[in-house]
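Content type compact mmCIF, C-alpha atoms, from the file model_32.txt:
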# COMPACT_ATOMS: atom_id res chain seq x y z
CA MET A 1 4.54 -43.38 88.73
CA ALA A 2 3.72 -46.34 86.51
CA GLU A 3 0.10 -45.23 86.39
CA LYS A 4 1.12 -41.69 85.33
CA GLU A 5 3.33 -43.04 82.57
CA GLN A 6 0.47 -45.16 81.32
CA GLN A 7 -1.76 -42.07 81.24
CA GLU A 8 0.61 -40.15 78.92
CA TYR A 9 -0.98 -38.96 75.65
CA HIS A 10 -0.72 -41.22 72.62
CA PRO A 11 -2.08 -40.22 69.17
CA ALA A 12 -5.34 -41.89 68.35
CA THR A 13 -5.05 -44.81 66.01
CA VAL A 14 -7.53 -46.17 63.57
CA ASN A 15 -7.03 -49.52 61.90
CA GLY A 16 -3.44 -49.53 63.05
CA TYR A 17 -2.30 -46.06 61.87
CA HIS A 18 -2.03 -42.73 63.63
CA ARG A 19 -4.58 -40.03 62.72
CA SER A 20 -3.52 -36.44 62.00
CA ASP A 21 -4.05 -33.75 64.60
CA GLU A 22 -6.99 -32.32 62.59
CA GLU A 23 -8.57 -35.80 62.33
CA ALA A 24 -7.87 -36.43 65.97
CA ALA A 25 -9.55 -33.14 66.77
CA GLY A 26 -12.66 -34.37 65.05
CA VAL A 27 -12.37 -32.64 61.60
CA PRO A 28 -13.98 -34.94 58.99
CA SER A 29 -11.86 -35.91 55.97
CA ASP A 30 -14.62 -34.63 53.61
CA GLU A 31 -14.27 -31.18 55.18
CA LEU A 32 -10.53 -31.25 54.59
CA ARG A 33 -11.05 -32.09 50.95
CA ARG A 34 -13.57 -29.23 50.60
CA GLN A 35 -11.06 -26.79 52.10
CA LYS A 36 -8.37 -27.96 49.70
CA ARG A 37 -10.75 -27.56 46.76
CA LYS A 38 -11.60 -24.02 47.88
CA LYS A 39 -7.92 -23.10 48.04
CA CYS A 40 -7.33 -24.59 44.62
CA ILE A 41 -10.28 -22.63 43.14
CA ILE A 42 -9.01 -19.40 44.74
CA TYR A 43 -5.56 -19.96 43.22
CA ILE A 44 -7.08 -20.61 39.78
CA ILE A 45 -9.24 -17.47 39.95
CA ALA A 46 -6.27 -15.35 41.08
CA PHE A 47 -4.14 -16.69 38.23
CA ALA A 48 -6.92 -16.02 35.71
CA ILE A 49 -7.29 -12.43 36.94
CA PHE A 50 -3.53 -11.95 36.65
CA GLN A 51 -3.55 -13.31 33.09
CA ILE A 52 -6.43 -11.02 32.11
CA ALA A 53 -4.60 -8.02 33.56
CA VAL A 54 -1.42 -8.89 31.63
CA ILE A 55 -3.34 -9.38 28.37
CA THR A 56 -5.23 -6.12 28.86
CA LEU A 57 -2.03 -4.19 29.56
CA PHE A 58 -0.38 -5.80 26.52
CA SER A 59 -3.31 -4.91 24.24
CA VAL A 60 -3.47 -1.24 25.28
CA THR A 61 0.29 -0.67 25.06
CA VAL A 62 2.19 -2.98 22.75
CA MET A 63 -0.68 -3.95 20.42
CA LYS A 64 -2.24 -0.49 20.15
CA VAL A 65 -1.37 1.03 16.75
CA LYS A 66 -0.77 4.79 16.68
CA ASN A 67 -0.46 7.13 13.72
CA PRO A 68 3.17 7.95 12.84
CA LYS A 69 4.19 11.60 12.54
CA PHE A 70 5.52 13.03 9.29
CA ARG A 71 7.10 16.49 9.11
CA VAL A 72 9.85 18.73 7.76
CA ARG A 73 12.76 18.83 10.20
CA SER A 74 15.25 21.23 8.60
CA ALA A 75 16.65 22.46 5.28
CA THR A 76 19.78 23.83 3.66
CA PHE A 77 20.15 25.62 0.34
CA GLY A 78 22.27 25.19 -2.76
CA THR A 79 21.19 27.49 -5.59
CA PHE A 80 19.80 30.68 -4.07
CA ASP A 81 18.60 33.29 -6.58
CA VAL A 82 16.20 35.91 -5.21
CA GLN A 83 15.31 39.07 -7.15
CA THR A 84 13.47 41.99 -5.57
CA ALA A 85 13.45 44.48 -8.48
CA ASN A 86 11.66 42.00 -10.71
CA PRO A 87 10.21 39.81 -7.89
CA SER A 88 11.17 36.18 -8.40
CA PHE A 89 13.01 33.32 -6.77
CA ASN A 90 14.80 30.20 -7.87
CA LEU A 91 16.03 28.04 -4.99
CA MET A 92 17.41 24.55 -4.63
CA MET A 93 16.49 23.32 -1.14
CA ASN A 94 17.77 20.16 0.54
CA VAL A 95 14.95 19.20 2.86
CA GLU A 96 15.28 16.76 5.75
CA VAL A 97 11.97 15.09 6.57
CA GLY A 98 11.28 12.74 9.46
CA VAL A 99 8.85 9.87 9.95
CA LYS A 100 8.44 9.29 13.69
CA ASN A 101 7.09 5.85 14.57
CA THR A 102 5.98 5.42 18.21
CA ASN A 103 4.66 1.86 17.71
CA PHE A 104 6.20 -1.42 18.90
CA GLY A 105 6.63 -2.55 15.31
CA PRO A 106 8.15 -1.12 12.11
CA TYR A 107 6.21 1.23 9.83
CA LYS A 108 6.80 0.49 6.14
CA PHE A 109 5.62 3.25 3.82
CA ASP A 110 5.28 3.61 0.05
CA ASN A 111 6.62 6.27 -2.31
CA SER A 112 5.06 9.68 -1.83
CA THR A 113 5.43 13.27 -3.01
CA ILE A 114 6.01 16.37 -0.92
CA TYR A 115 4.60 19.63 -2.33
CA PHE A 116 5.66 23.18 -1.47
CA TYR A 117 3.32 26.14 -1.84
CA TYR A 118 3.45 29.90 -1.84
CA GLN A 119 -0.02 31.28 -1.06
CA ASP A 120 -1.65 28.00 -2.18
CA THR A 121 0.22 27.99 -5.51
CA GLU A 122 2.60 25.08 -5.99
CA VAL A 123 6.21 26.23 -6.35
CA GLY A 124 8.02 22.88 -6.12
CA SER A 125 7.80 19.17 -5.32
CA ALA A 126 10.00 16.18 -4.60
CA ILE A 127 9.64 12.39 -4.37
CA ILE A 128 9.78 10.72 -0.95
CA PRO A 129 11.16 7.20 -1.58
CA ASN A 130 9.60 4.16 0.05
CA SER A 131 11.37 3.18 3.26
CA LYS A 132 10.84 1.90 6.80
CA ALA A 133 10.75 3.56 10.21
CA ASN A 134 11.78 1.02 12.83
CA PHE A 135 9.81 0.61 16.06
CA LYS A 136 10.13 3.48 18.53
CA SER A 137 12.39 5.45 16.19
CA THR A 138 12.45 8.26 13.61
CA LYS A 139 13.38 7.64 9.98
CA LYS A 140 15.17 10.66 8.49
CA LEU A 141 15.25 11.27 4.74
CA THR A 142 16.80 14.09 2.74
CA VAL A 143 15.29 15.13 -0.60
CA SER A 144 16.16 17.95 -2.99
CA VAL A 145 13.48 20.25 -4.35
CA ASP A 146 13.66 23.11 -6.83
CA LEU A 147 11.53 26.06 -5.77
CA THR A 148 10.59 28.56 -8.47
CA SER A 149 8.19 31.48 -8.81
CA VAL A 150 7.47 31.04 -12.53
CA ASN A 151 3.85 30.00 -11.90
CA LEU A 152 3.00 32.86 -9.52
CA ALA A 153 0.66 35.67 -10.46
CA THR A 154 2.29 39.10 -10.83
CA ASN A 155 0.01 40.61 -8.17
CA SER A 156 0.73 37.95 -5.55
CA GLY A 157 2.51 40.37 -3.19
CA LEU A 158 5.76 38.49 -3.68
CA GLY A 159 7.79 41.69 -4.20
CA THR A 160 6.78 43.13 -0.83
CA GLN A 161 7.66 39.93 1.03
CA LEU A 162 10.98 39.44 -0.75
CA ALA A 163 11.89 43.06 0.02
CA SER A 164 11.26 42.33 3.70
CA GLY A 165 13.67 39.40 3.50
CA ILE A 166 11.05 36.70 4.17
CA LEU A 167 9.60 34.10 1.81
CA PRO A 168 6.71 32.22 3.48
CA LEU A 169 6.08 28.65 2.33
CA THR A 170 3.92 25.69 3.26
CA SER A 171 4.46 21.99 2.60
CA ARG A 172 1.98 19.13 2.30
CA ALA A 173 2.36 15.41 1.81
CA ARG A 174 0.68 12.11 2.62
CA LEU A 175 2.30 8.81 3.51
CA THR A 176 0.55 5.45 3.28
CA GLY A 177 1.94 2.26 4.73
CA LYS A 178 1.55 -0.53 7.27
CA VAL A 179 2.58 -1.04 10.88
CA GLU A 180 3.74 -4.60 11.54
CA LEU A 181 3.31 -6.03 15.04
CA MET A 182 4.73 -9.31 16.35
CA LEU A 183 5.53 -10.39 12.76
CA ILE A 184 1.93 -11.53 12.34
CA MET A 185 -0.34 -8.48 12.41
CA LYS A 186 -0.25 -5.67 9.86
CA LYS A 187 -2.40 -2.57 10.06
CA LYS A 188 -2.68 0.13 7.41
CA LYS A 189 -1.83 3.64 8.57
CA SER A 190 -1.75 6.91 6.63
CA VAL A 191 -0.28 10.15 7.89
CA ASP A 192 -0.51 13.69 6.54
CA MET A 193 2.09 16.46 6.63
CA ASP A 194 1.04 20.08 6.98
CA CYS A 195 3.94 22.44 7.73
CA SER A 196 4.53 26.16 7.48
CA MET A 197 7.94 27.83 7.33
CA GLU A 198 9.82 30.93 6.29
CA VAL A 199 12.92 31.27 4.13
CA ASN A 200 15.09 34.10 5.40
CA THR A 201 16.55 35.50 2.18
CA THR A 202 19.20 37.46 4.10
CA THR A 203 20.68 34.61 6.15
CA ARG A 204 19.61 31.93 3.63
CA GLU A 205 18.15 29.82 6.40
CA LEU A 206 14.83 28.17 7.16
CA GLN A 207 13.05 29.60 10.22
CA ASN A 208 9.76 29.53 12.12
CA LEU A 209 9.11 25.93 11.08
CA THR A 210 5.90 24.49 12.53
CA CYS A 211 4.02 21.31 11.64
CA SER A 212 0.63 19.99 12.69

Structure encoded using structure tokens:
Amino acid sequence: MAEKEQQEYHPATVNGYHRSDEEAAGVPSDELRRQKRKKCIIYIIAFAIFQIAVITLFSVTVMKVKNPKFRVRSATFGTFDVQTANPSFNLMMNVEVGVKNTNFGPYKFDNSTIYFYYQDTEVGSAIIPNSKANFKSTKKLTVSVDLTSVNLATNSGLGTQLASGILPLTSRARLTGKVELMLIMKKKKSVDMDCSMEVNTTTRELQNLTCS
């Protein structure tokens, strides 16, 4: 029994201290250091790839600047004078326009002018005041415009259209401004309005409004 107890396993010792299982198994300490360095390098590479992926995603979403959208949204009428016998019109229209900003920063735009046309002849205009559309939101503005037929040619076909109860119009405008990102980057952006619509002279409402 004493001999068996003496033969029990004891960890190998070197210079008075116990060696680890890997060292006792014959794995050199240089090899252990190489393995640790490999693991460290793998962790660094994985972290770098993760950082690149985050930066790429950030640059193609948050930092990508898109063109805002500018269009007529609706309208109501004050003065509404339409003559069919002697074809003419004199309207006061309260127009709601919208500047839709889909960026992750505010869009600040300068003063502009919106023009209304009947068959490419200008029949009215109004000033769009400078303002700001906050990030991921739509800025709504209401402007008043006087629409009149005084500059139209007598053979424009206005009488036929007014007799049918429809006055077709188009509107055009251009906004210039800057999108501000992260309080440090500003990028100039301009946006054009090109809308078509119809004034129903019977119901005194705006209809068939489309913008591109």

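The gap separating CA of Val179 in chain A from CA of Ser125 in chain A is 26.4 Å, in Å to one decimal.
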
Of A:Ser88, A:Ser196, A:Gln51, A:Asn67, the one sitting nearest Thr154 in chain A when using all atoms listed in the file is A:Ser88

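Residue nearest Val72 in chain A, chosen from A:Pro129, A:Arg174, A:Met185, A:Asp194 and counting all atoms listed in the file: A:Asp194.
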
task = Mind listing whatever residues come within 6 Å of the point (13.7, 8.1, 7.2)? Use all atoms listed in the file, file coordinates, and give them as a ChimeraX atom specification.
result = /A:98-99,139-141

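Separating CA of Thr202 in chain A from CA of Tyr118 in chain A is a distance of 18.5 Å.
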
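Minimum atom-to-atom distances from A:Ile114, A:Leu158, A:Ile45, A:Ala153 to Met193 in chain A were compared using all atoms listed in the file, and the lowest value belongs to A:Ile114.
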
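Nearest to Gln207 in chain A of all the residues A:Pro168, A:Pro106, A:Gly177, A:Pro87 is A:Pro168, counting only C-alpha atoms.
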
Students should find that CA of Ser137 in chain A and CA of Val95 in chain A are spaced 19.3 Å

Requested in this report: Would you kindly return, as number ranges by chain, each protein, DNA or RNA residue with an atom no farther than 10 Å from any atom of Lys187 in chain A, considering all atoms listed in the file and excluding same-chain residues fewer than 4 positions away?
Outcome: A: 65, 107, 177-181

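Counting all atoms listed in the file and comparing A:Leu32, A:Leu209, A:Val97, A:Ala133, the residue that lies closest to Pro68 in chain A is A:Ala133.
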
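Checking A:Gly124, A:Thr148, A:Lys132, A:Glu31 one by one against Asn101 in chain A, counting all atoms listed in the file, you find the shortest gap at A:Lys132.
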
Do you know which residues lie at most 9 Å from (5.1, 27.6, 11.6), with coordinates as in the file and all atoms listed in the file counted, and could you write them as a short mmCIF file (atom, residue, chain, number, x, y, z; two decimals) with C-alpha atoms, in the coordinates of the input?
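Final file, point_24.cif:
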data_model
loop_
_atom_site.label_atom_id
_atom_site.label_comp_id
_atom_site.auth_asym_id
_atom_site.auth_seq_id
_atom_site.Cartn_x
_atom_site.Cartn_y
_atom_site.Cartn_z
CA THR A 170 3.92 25.69 3.26
CA CYS A 195 3.94 22.44 7.73
CA SER A 196 4.53 26.16 7.48
CA MET A 197 7.94 27.83 7.33
CA GLU A 198 9.82 30.93 6.29
CA GLN A 207 13.05 29.60 10.22
CA ASN A 208 9.76 29.53 12.12
CA LEU A 209 9.11 25.93 11.08
CA THR A 210 5.90 24.49 12.53
CA CYS A 211 4.02 21.31 11.64
CA SER A 212 0.63 19.99 12.69
#

Write a file for range 37-173 of chain A of the given structure; include C-alpha atoms and format it as a PDB file, in the first residue's frame.
ATOM      1  CA  ARG A  37      -1.045  36.208 -30.548  1.00  0.00           C
ATOM      2  CA  LYS A  38      -3.177  34.503 -33.216  1.00  0.00           C
ATOM      3  CA  LYS A  39      -6.295  34.877 -31.075  1.00  0.00           C
ATOM      4  CA  CYS A  40      -5.488  38.519 -30.434  1.00  0.00           C
ATOM      5  CA  ILE A  41      -4.998  39.181 -34.178  1.00  0.00           C
ATOM      6  CA  ILE A  42      -8.301  37.435 -34.977  1.00  0.00           C
ATOM      7  CA  TYR A  43     -10.119  39.598 -32.421  1.00  0.00           C
ATOM      8  CA  ILE A  44      -8.559  42.768 -33.861  1.00  0.00           C
ATOM      9  CA  ILE A  45      -9.511  41.816 -37.433  1.00  0.00           C
ATOM     10  CA  ALA A  46     -13.084  40.965 -36.379  1.00  0.00           C
ATOM     11  CA  PHE A  47     -13.418  44.299 -34.577  1.00  0.00           C
ATOM     12  CA  ALA A  48     -12.036  46.181 -37.594  1.00  0.00           C
ATOM     13  CA  ILE A  49     -14.527  44.449 -39.914  1.00  0.00           C
ATOM     14  CA  PHE A  50     -17.352  45.337 -37.526  1.00  0.00           C
ATOM     15  CA  GLN A  51     -16.248  48.979 -37.440  1.00  0.00           C
ATOM     16  CA  ILE A  52     -16.064  49.134 -41.244  1.00  0.00           C
ATOM     17  CA  ALA A  53     -19.554  47.654 -41.518  1.00  0.00           C
ATOM     18  CA  VAL A  54     -20.951  50.210 -39.050  1.00  0.00           C
ATOM     19  CA  ILE A  55     -19.254  53.123 -40.850  1.00  0.00           C
ATOM     20  CA  THR A  56     -20.475  51.887 -44.236  1.00  0.00           C
ATOM     21  CA  LEU A  57     -24.047  51.521 -42.977  1.00  0.00           C
ATOM     22  CA  PHE A  58     -23.857  54.986 -41.400  1.00  0.00           C
ATOM     23  CA  SER A  59     -22.558  56.573 -44.609  1.00  0.00           C
ATOM     24  CA  VAL A  60     -25.236  55.060 -46.869  1.00  0.00           C
ATOM     25  CA  THR A  61     -28.134  55.868 -44.531  1.00  0.00           C
ATOM     26  CA  VAL A  62     -27.593  58.757 -42.153  1.00  0.00           C
ATOM     27  CA  MET A  63     -24.933  60.644 -44.139  1.00  0.00           C
ATOM     28  CA  LYS A  64     -26.513  60.192 -47.571  1.00  0.00           C
ATOM     29  CA  VAL A  65     -28.163  63.462 -48.650  1.00  0.00           C
ATOM     30  CA  LYS A  66     -31.382  63.153 -50.656  1.00  0.00           C
ATOM     31  CA  ASN A  67     -33.295  65.794 -52.574  1.00  0.00           C
ATOM     32  CA  PRO A  68     -36.277  67.194 -50.640  1.00  0.00           C
ATOM     33  CA  LYS A  69     -39.695  67.191 -52.313  1.00  0.00           C
ATOM     34  CA  PHE A  70     -41.587  70.416 -52.967  1.00  0.00           C
ATOM     35  CA  ARG A  71     -45.224  70.428 -54.079  1.00  0.00           C
ATOM     36  CA  VAL A  72     -48.689  71.939 -53.804  1.00  0.00           C
ATOM     37  CA  ARG A  73     -50.733  70.063 -51.203  1.00  0.00           C
ATOM     38  CA  SER A  74     -54.145  71.751 -51.278  1.00  0.00           C
ATOM     39  CA  ALA A  75     -55.925  75.081 -51.770  1.00  0.00           C
ATOM     40  CA  THR A  76     -58.983  77.044 -50.708  1.00  0.00           C
ATOM     41  CA  PHE A  77     -60.508  80.113 -52.320  1.00  0.00           C
ATOM     42  CA  GLY A  78     -61.516  83.576 -51.164  1.00  0.00           C
ATOM     43  CA  THR A  79     -62.484  85.848 -54.055  1.00  0.00           C
ATOM     44  CA  PHE A  80     -64.007  83.706 -56.799  1.00  0.00           C
ATOM     45  CA  ASP A  81     -65.130  85.609 -59.903  1.00  0.00           C
ATOM     46  CA  VAL A  82     -65.559  83.505 -63.055  1.00  0.00           C
ATOM     47  CA  GLN A  83     -67.314  84.833 -66.170  1.00  0.00           C
ATOM     48  CA  THR A  84     -68.338  82.590 -69.059  1.00  0.00           C
ATOM     49  CA  ALA A  85     -70.147  85.106 -71.305  1.00  0.00           C
ATOM     50  CA  ASN A  86     -67.051  87.281 -71.505  1.00  0.00           C
ATOM     51  CA  PRO A  87     -64.511  84.558 -70.542  1.00  0.00           C
ATOM     52  CA  SER A  88     -62.393  85.693 -67.610  1.00  0.00           C
ATOM     53  CA  PHE A  89     -61.480  84.800 -64.064  1.00  0.00           C
ATOM     54  CA  ASN A  90     -60.284  86.594 -60.977  1.00  0.00           C
ATOM     55  CA  LEU A  91     -59.515  84.273 -58.059  1.00  0.00           C
ATOM     56  CA  MET A  92     -57.808  84.621 -54.717  1.00  0.00           C
ATOM     57  CA  MET A  93     -56.341  81.212 -53.839  1.00  0.00           C
ATOM     58  CA  ASN A  94     -54.833  80.208 -50.495  1.00  0.00           C
ATOM     59  CA  VAL A  95     -52.302  77.563 -51.432  1.00  0.00           C
ATOM     60  CA  GLU A  96     -50.734  75.116 -48.993  1.00  0.00           C
ATOM     61  CA  VAL A  97     -47.321  73.946 -50.164  1.00  0.00           C
ATOM     62  CA  GLY A  98     -45.148  71.309 -48.524  1.00  0.00           C
ATOM     63  CA  VAL A  99     -41.402  70.768 -48.349  1.00  0.00           C
ATOM     64  CA  LYS A 100     -40.774  67.125 -47.463  1.00  0.00           C
ATOM     65  CA  ASN A 101     -37.311  66.467 -46.037  1.00  0.00           C
ATOM     66  CA  THR A 102     -36.327  62.778 -45.781  1.00  0.00           C
ATOM     67  CA  ASN A 103     -32.773  63.483 -44.561  1.00  0.00           C
ATOM     68  CA  PHE A 104     -31.330  63.018 -41.061  1.00  0.00           C
ATOM     69  CA  GLY A 105     -30.691  66.745 -40.792  1.00  0.00           C
ATOM     70  CA  PRO A 106     -32.709  69.957 -41.305  1.00  0.00           C
ATOM     71  CA  TYR A 107     -33.154  71.534 -44.740  1.00  0.00           C
ATOM     72  CA  LYS A 108     -32.916  75.330 -44.631  1.00  0.00           C
ATOM     73  CA  PHE A 109     -34.167  77.032 -47.786  1.00  0.00           C
ATOM     74  CA  ASP A 110     -34.148  80.601 -49.088  1.00  0.00           C
ATOM     75  CA  ASN A 111     -36.983  82.800 -50.333  1.00  0.00           C
ATOM     76  CA  SER A 112     -38.539  81.615 -53.567  1.00  0.00           C
ATOM     77  CA  THR A 113     -41.462  82.368 -55.871  1.00  0.00           C
ATOM     78  CA  ILE A 114     -44.221  80.037 -56.991  1.00  0.00           C
ATOM     79  CA  TYR A 115     -45.725  80.742 -60.427  1.00  0.00           C
ATOM     80  CA  PHE A 116     -49.106  79.631 -61.757  1.00  0.00           C
ATOM     81  CA  TYR A 117     -49.800  79.202 -65.460  1.00  0.00           C
ATOM     82  CA  TYR A 118     -52.719  78.739 -67.787  1.00  0.00           C
ATOM     83  CA  GLN A 119     -51.493  77.187 -71.046  1.00  0.00           C
ATOM     84  CA  ASP A 120     -47.924  78.414 -70.373  1.00  0.00           C
ATOM     85  CA  THR A 121     -49.081  81.988 -69.721  1.00  0.00           C
ATOM     86  CA  GLU A 122     -48.446  83.252 -66.207  1.00  0.00           C
ATOM     87  CA  VAL A 123     -51.675  84.096 -64.389  1.00  0.00           C
ATOM     88  CA  GLY A 124     -50.347  84.628 -60.848  1.00  0.00           C
ATOM     89  CA  SER A 125     -47.420  84.280 -58.444  1.00  0.00           C
ATOM     90  CA  ALA A 126     -46.626  84.357 -54.742  1.00  0.00           C
ATOM     91  CA  ILE A 127     -43.542  84.558 -52.520  1.00  0.00           C
ATOM     92  CA  ILE A 128     -42.441  81.460 -50.591  1.00  0.00           C
ATOM     93  CA  PRO A 129     -40.680  82.770 -47.444  1.00  0.00           C
ATOM     94  CA  ASN A 130     -37.404  81.295 -46.275  1.00  0.00           C
ATOM     95  CA  SER A 131     -37.884  78.603 -43.647  1.00  0.00           C
ATOM     96  CA  LYS A 132     -36.646  75.218 -42.440  1.00  0.00           C
ATOM     97  CA  ALA A 133     -37.897  71.663 -42.831  1.00  0.00           C
ATOM     98  CA  ASN A 134     -36.712  69.619 -39.868  1.00  0.00           C
ATOM     99  CA  PHE A 135     -35.176  66.169 -40.339  1.00  0.00           C
ATOM    100  CA  LYS A 136     -37.603  63.448 -41.421  1.00  0.00           C
ATOM    101  CA  SER A 137     -40.525  65.879 -41.543  1.00  0.00           C
ATOM    102  CA  THR A 138     -42.629  68.045 -43.873  1.00  0.00           C
ATOM    103  CA  LYS A 139     -42.700  71.826 -43.584  1.00  0.00           C
ATOM    104  CA  LYS A 140     -46.124  73.212 -44.542  1.00  0.00           C
ATOM    105  CA  LEU A 141     -46.558  76.802 -45.693  1.00  0.00           C
ATOM    106  CA  THR A 142     -49.666  78.671 -46.816  1.00  0.00           C
ATOM    107  CA  VAL A 143     -49.392  81.531 -49.317  1.00  0.00           C
ATOM    108  CA  SER A 144     -52.035  83.645 -51.022  1.00  0.00           C
ATOM    109  CA  VAL A 145     -51.985  84.203 -54.767  1.00  0.00           C
ATOM    110  CA  ASP A 146     -54.212  86.288 -57.023  1.00  0.00           C
ATOM    111  CA  LEU A 147     -55.056  84.495 -60.252  1.00  0.00           C
ATOM    112  CA  THR A 148     -56.268  86.638 -63.137  1.00  0.00           C
ATOM    113  CA  SER A 149     -56.878  86.168 -66.853  1.00  0.00           C
ATOM    114  CA  VAL A 150     -56.003  89.730 -67.904  1.00  0.00           C
ATOM    115  CA  ASN A 151     -52.856  88.607 -69.755  1.00  0.00           C
ATOM    116  CA  LEU A 152     -54.498  85.773 -71.702  1.00  0.00           C
ATOM    117  CA  ALA A 153     -55.059  85.913 -75.428  1.00  0.00           C
ATOM    118  CA  THR A 154     -58.709  86.117 -76.528  1.00  0.00           C
ATOM    119  CA  ASN A 155     -58.402  82.927 -78.591  1.00  0.00           C
ATOM    120  CA  SER A 156     -56.920  80.836 -75.775  1.00  0.00           C
ATOM    121  CA  GLY A 157     -59.957  78.542 -75.519  1.00  0.00           C
ATOM    122  CA  LEU A 158     -60.671  79.837 -72.039  1.00  0.00           C
ATOM    123  CA  GLY A 159     -64.401  80.285 -72.722  1.00  0.00           C
ATOM    124  CA  THR A 160     -64.898  76.636 -73.656  1.00  0.00           C
ATOM    125  CA  GLN A 161     -63.103  75.392 -70.544  1.00  0.00           C
ATOM    126  CA  LEU A 162     -64.876  77.775 -68.177  1.00  0.00           C
ATOM    127  CA  ALA A 163     -68.215  76.723 -69.686  1.00  0.00           C
ATOM    128  CA  SER A 164     -67.323  73.113 -68.872  1.00  0.00           C
ATOM    129  CA  GLY A 165     -66.699  74.112 -65.260  1.00  0.00           C
ATOM    130  CA  ILE A 166     -62.950  73.339 -65.291  1.00  0.00           C
ATOM    131  CA  LEU A 167     -59.994  75.724 -65.188  1.00  0.00           C
ATOM    132  CA  PRO A 168     -56.708  73.828 -65.737  1.00  0.00           C
ATOM    133  CA  LEU A 169     -53.581  75.292 -64.148  1.00  0.00           C
ATOM    134  CA  THR A 170     -49.952  74.388 -63.623  1.00  0.00           C
ATOM    135  CA  SER A 171     -47.503  75.600 -60.979  1.00  0.00           C
ATOM    136  CA  ARG A 172     -43.718  75.821 -61.014  1.00  0.00           C
ATOM    137  CA  ALA A 173     -41.149  76.853 -58.448  1.00  0.00           C
TER     138      ALA A 173
END
